[in-house]
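This report concerns only the one structure given below.
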Amino acid sequence: MSSMEVGSMNIATKVFSPSRLLLLGLIAGSAIFAGCAQAPTNDEPRRYCFKALRSSSCVTAPGSSPQEKSAVRTLSPAPGVSRLIVIRHQWPDLQGVAQLSIDGKPVQRMIPASTIAIDLQPGSHVVTVDPTEENGSVSLSTSPGQVLTIELKKTSWSPRRFVVRELDQDAALVAMRDTTILGVFSVDR
């Protein structure tokens with residue numbers, strides 16, 4: 001062997017050392033598995049968290065398709081039913097979970113900076129939130145194709161409690177701009 005060949009072997013030995021071969025194998029293997037990963041389907045619940053300072057508030061929700069998100073963000077009506085858009089986005093509402101109910105039936109827990117849409121049968125409904133204050137509910141009368149917007153707002157006198165209040169649609173469009181849409185729900189009587 002010439003000294004050049006020996007030098008070439010040393011370079012090859014350094015480039016393909018056992019630790020580098022192992023690292024290369026791990027990278028190639030993870031690339032193969034990453035190709036097999038699938039995004040969850042719309043039917044699979046997802047975990048959503050809001051983190052602020054040292055606390056985080058988390059809920060499980062179904063999520064929504066891009067088309068559903070677009071319909072919610074543009075306050076589009078749903079055919080044959082009434083749509084209620086619920087927004088939780090007020091400063092300094094930075095922690096905690098609020099349970100939203102329609103006509104006494106739990107619908108979804110909400111974290112700060114989140115929005116949900118609820119498709120309702122036309123008629124009278126009572127929306128409540130827990131934990132609540134004395135005026136933590138609102139009565140609504142809905143008709144087919146109507147879109148109503150409400151917000152969950154923490155009370156200033158008791159920061160662990162909420163009130164429900166109606167919100168005009170222009171204010172709703174602004175309020176939900178930076179929120180996460182947790183899903184579109186349907187409530188039957």
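So you can find residues: chains in the structure tokens are A, B, ... in the order shown, residues in each start at 1, and ligands are numbered from 1 in order.
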
Original post:
Excluding same-chain residues fewer than 4 positions from A:Pro92, what lies within 12 Å of it counting only C-alpha atoms, as a PyMOL selection string?
Top reply: chain A and resi 52-53+88+96+112-113+153-156+159-160

Using only C-alpha atoms, please write the residues we just selected to a file, as a PDB file, in the first residue's frame.
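part.pdb was written with the following content:
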ATOM      1  CA  ALA A  52     -49.356  32.411  30.214  1.00  0.00           C
ATOM      2  CA  LEU A  53     -46.646  33.228  32.688  1.00  0.00           C
ATOM      3  CA  ARG A  88     -63.465  33.897  25.268  1.00  0.00           C
ATOM      4  CA  GLY A  96     -58.672  28.754  34.015  1.00  0.00           C
ATOM      5  CA  PRO A 112     -58.547  31.696  27.318  1.00  0.00           C
ATOM      6  CA  ALA A 113     -58.315  32.977  23.719  1.00  0.00           C
ATOM      7  CA  LYS A 153     -65.955  37.420  30.326  1.00  0.00           C
ATOM      8  CA  LYS A 154     -64.229  37.122  33.665  1.00  0.00           C
ATOM      9  CA  THR A 155     -65.731  39.323  36.313  1.00  0.00           C
ATOM     10  CA  SER A 156     -63.573  42.064  37.752  1.00  0.00           C
ATOM     11  CA  PRO A 159     -61.498  36.727  38.687  1.00  0.00           C
ATOM     12  CA  ARG A 160     -62.383  33.023  38.938  1.00  0.00           C
TER      13      ARG A 160
END

Subject >> Within 8 Å of stretch 172-174 of chain A using only C-alpha atoms, minus same-chain residues under 2 positions, as a VMD selection string >> reply: chain A and resid 73 to 75 87 149 to 150 167 to 170 176 to 177

Export C-alpha atoms of the chosen residues as a PDB file, in the first residue's frame?
ATOM      1  CA  ARG A  73     -64.309  33.404  11.417  1.00  0.00           C
ATOM      2  CA  THR A  74     -66.602  34.996   8.817  1.00  0.00           C
ATOM      3  CA  LEU A  75     -69.734  34.453  10.950  1.00  0.00           C
ATOM      4  CA  ILE A  87     -65.720  33.839  22.229  1.00  0.00           C
ATOM      5  CA  THR A 149     -72.316  36.079  19.031  1.00  0.00           C
ATOM      6  CA  ILE A 150     -71.620  36.062  22.757  1.00  0.00           C
ATOM      7  CA  LEU A 167     -71.612  40.783  21.580  1.00  0.00           C
ATOM      8  CA  ASP A 168     -72.336  42.631  18.344  1.00  0.00           C
ATOM      9  CA  GLN A 169     -70.925  41.003  15.239  1.00  0.00           C
ATOM     10  CA  ASP A 170     -68.358  43.707  14.460  1.00  0.00           C
ATOM     11  CA  MET A 176     -61.964  36.279  17.750  1.00  0.00           C
ATOM     12  CA  ARG A 177     -59.143  37.391  15.480  1.00  0.00           C
TER      13      ARG A 177
END

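The gap separating atom CA of A:Glu68 from atom CA of A:Val127 is 22.0 Å, in Å to one decimal.
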
**OP:** Could you check which of A:Ile111, A:Leu94, A:Val81, A:Val147 is closest to A:Ser186, using only C-alpha atoms?
**Re:** A:Val81

Original post:
A:Gly183: which residues within 7 Å, counting only C-alpha atoms, same-chain residues fewer than 2 positions away excluded, as a PyMOL selection string?
Top reply: chain A and resi 61-64+116-117+181+185

Generate a file of the selected residues that holds N, CA and C atoms, formatted as a short mmCIF file (atom, residue, chain, number, x, y, z; two decimals), in the first residue's frame.
data_model
loop_
_atom_site.label_atom_id
_atom_site.label_comp_id
_atom_site.auth_asym_id
_atom_site.auth_seq_id
_atom_site.Cartn_x
_atom_site.Cartn_y
_atom_site.Cartn_z
N ALA A 61 -60.74 18.98 22.76
CA ALA A 61 -61.83 19.41 21.88
C ALA A 61 -61.64 18.74 20.52
N PRO A 62 -62.70 18.68 19.72
CA PRO A 62 -62.61 17.99 18.44
C PRO A 62 -61.80 18.71 17.38
N GLY A 63 -61.59 20.01 17.51
CA GLY A 63 -60.94 20.75 16.45
C GLY A 63 -61.91 20.98 15.30
N SER A 64 -61.42 21.55 14.23
CA SER A 64 -62.30 21.83 13.09
C SER A 64 -61.49 21.85 11.80
N ILE A 116 -65.74 28.86 20.01
CA ILE A 116 -66.46 27.68 19.54
C ILE A 116 -67.71 28.15 18.80
N ALA A 117 -68.22 27.29 17.94
CA ALA A 117 -69.49 27.54 17.26
C ALA A 117 -70.44 26.42 17.68
N ILE A 181 -59.92 28.20 17.37
CA ILE A 181 -61.25 27.62 17.22
C ILE A 181 -61.19 26.17 17.67
N PHE A 185 -69.96 22.57 17.24
CA PHE A 185 -70.76 21.61 17.99
C PHE A 185 -72.22 21.72 17.56
#

Original post:
Which residues in stretch 36-133 of chain A does DSSP call alpha helix (DSSP H)? List them as a ChimeraX atom specification.
Top reply: /A:36,66-73

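With only C-alpha atoms as the atoms that count, the residue of A:Gln90, A:Ser65, A:Ser124, A:Ser101 with the shortest distance to A:Ala171 is A:Gln90.
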
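Shortest atom-to-atom contact with A:Ser55 among A:Leu152, A:Arg83, A:Gln95, A:Lys69: A:Gln95, counting only C-alpha atoms.
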
**OP:** Report the distance between atom CA of A:Arg46 and atom CA of A:Leu182 in Å, rounded to one decimal place.
**Re:** 8.8 Å

Original post:
Using the chain letters and numbers from this document, which residues of stretch 57-159 of chain A does DSSP assign to strand (DSSP E), as number ranges by chain?
Top reply: A: 57-61, 82-88, 98-102, 105-110, 114-120, 123-130, 137-142, 147-154

Please produce a file of the residues just selected, as a PDB file, in the first residue's frame, where the atoms kept are C-alpha atoms.
ATOM      1  CA  SER A  57     -55.049  25.849  30.998  1.00  0.00           C
ATOM      2  CA  CYS A  58     -55.867  22.865  28.794  1.00  0.00           C
ATOM      3  CA  VAL A  59     -58.968  21.240  27.293  1.00  0.00           C
ATOM      4  CA  THR A  60     -59.730  18.433  24.884  1.00  0.00           C
ATOM      5  CA  ALA A  61     -61.828  19.406  21.876  1.00  0.00           C
ATOM      6  CA  SER A  82     -79.078  28.853  14.225  1.00  0.00           C
ATOM      7  CA  ARG A  83     -75.366  29.318  14.862  1.00  0.00           C
ATOM      8  CA  LEU A  84     -74.055  30.631  18.160  1.00  0.00           C
ATOM      9  CA  ILE A  85     -70.448  31.819  18.211  1.00  0.00           C
ATOM     10  CA  VAL A  86     -68.938  31.875  21.724  1.00  0.00           C
ATOM     11  CA  ILE A  87     -65.720  33.839  22.229  1.00  0.00           C
ATOM     12  CA  ARG A  88     -63.465  33.897  25.268  1.00  0.00           C
ATOM     13  CA  ALA A  98     -64.923  27.706  31.729  1.00  0.00           C
ATOM     14  CA  GLN A  99     -67.618  25.073  31.118  1.00  0.00           C
ATOM     15  CA  LEU A 100     -70.210  26.268  28.613  1.00  0.00           C
ATOM     16  CA  SER A 101     -73.707  24.743  28.714  1.00  0.00           C
ATOM     17  CA  ILE A 102     -76.780  25.179  26.528  1.00  0.00           C
ATOM     18  CA  LYS A 105     -76.408  20.398  28.753  1.00  0.00           C
ATOM     19  CA  PRO A 106     -72.596  20.720  28.870  1.00  0.00           C
ATOM     20  CA  VAL A 107     -71.199  21.565  25.439  1.00  0.00           C
ATOM     21  CA  GLN A 108     -67.477  22.331  25.751  1.00  0.00           C
ATOM     22  CA  ARG A 109     -64.904  23.583  28.218  1.00  0.00           C
ATOM     23  CA  MET A 110     -63.141  26.717  27.003  1.00  0.00           C
ATOM     24  CA  SER A 114     -60.655  30.344  22.300  1.00  0.00           C
ATOM     25  CA  THR A 115     -63.800  30.313  20.166  1.00  0.00           C
ATOM     26  CA  ILE A 116     -66.462  27.682  19.537  1.00  0.00           C
ATOM     27  CA  ALA A 117     -69.492  27.537  17.262  1.00  0.00           C
ATOM     28  CA  ILE A 118     -72.689  25.801  18.317  1.00  0.00           C
ATOM     29  CA  ASP A 119     -75.410  24.886  15.839  1.00  0.00           C
ATOM     30  CA  LEU A 120     -78.800  25.038  17.578  1.00  0.00           C
ATOM     31  CA  GLY A 123     -86.135  28.538  19.392  1.00  0.00           C
ATOM     32  CA  SER A 124     -85.382  29.706  22.924  1.00  0.00           C
ATOM     33  CA  HIS A 125     -82.152  28.699  24.638  1.00  0.00           C
ATOM     34  CA  VAL A 126     -80.336  29.502  27.864  1.00  0.00           C
ATOM     35  CA  VAL A 127     -76.539  29.754  27.731  1.00  0.00           C
ATOM     36  CA  THR A 128     -74.647  29.372  31.010  1.00  0.00           C
ATOM     37  CA  VAL A 129     -71.042  29.155  32.055  1.00  0.00           C
ATOM     38  CA  ASP A 130     -69.511  27.538  35.117  1.00  0.00           C
ATOM     39  CA  SER A 137     -76.343  33.207  31.856  1.00  0.00           C
ATOM     40  CA  VAL A 138     -78.128  34.702  28.897  1.00  0.00           C
ATOM     41  CA  SER A 139     -81.431  33.758  27.261  1.00  0.00           C
ATOM     42  CA  LEU A 140     -81.526  33.731  23.470  1.00  0.00           C
ATOM     43  CA  SER A 141     -84.277  33.354  20.918  1.00  0.00           C
ATOM     44  CA  THR A 142     -82.951  32.058  17.614  1.00  0.00           C
ATOM     45  CA  VAL A 147     -75.788  33.896  13.655  1.00  0.00           C
ATOM     46  CA  LEU A 148     -75.527  35.171  17.233  1.00  0.00           C
ATOM     47  CA  THR A 149     -72.316  36.079  19.031  1.00  0.00           C
ATOM     48  CA  ILE A 150     -71.620  36.062  22.757  1.00  0.00           C
ATOM     49  CA  GLU A 151     -68.553  36.311  24.928  1.00  0.00           C
ATOM     50  CA  LEU A 152     -67.473  34.750  28.169  1.00  0.00           C
ATOM     51  CA  LYS A 153     -65.955  37.420  30.326  1.00  0.00           C
ATOM     52  CA  LYS A 154     -64.229  37.122  33.665  1.00  0.00           C
TER      53      LYS A 154
END

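Between A:Ala78 and the candidates A:Pro66, A:Pro131, A:Pro45, A:Pro144, the tightest atom-to-atom separation, counting only C-alpha atoms, involves A:Pro144.
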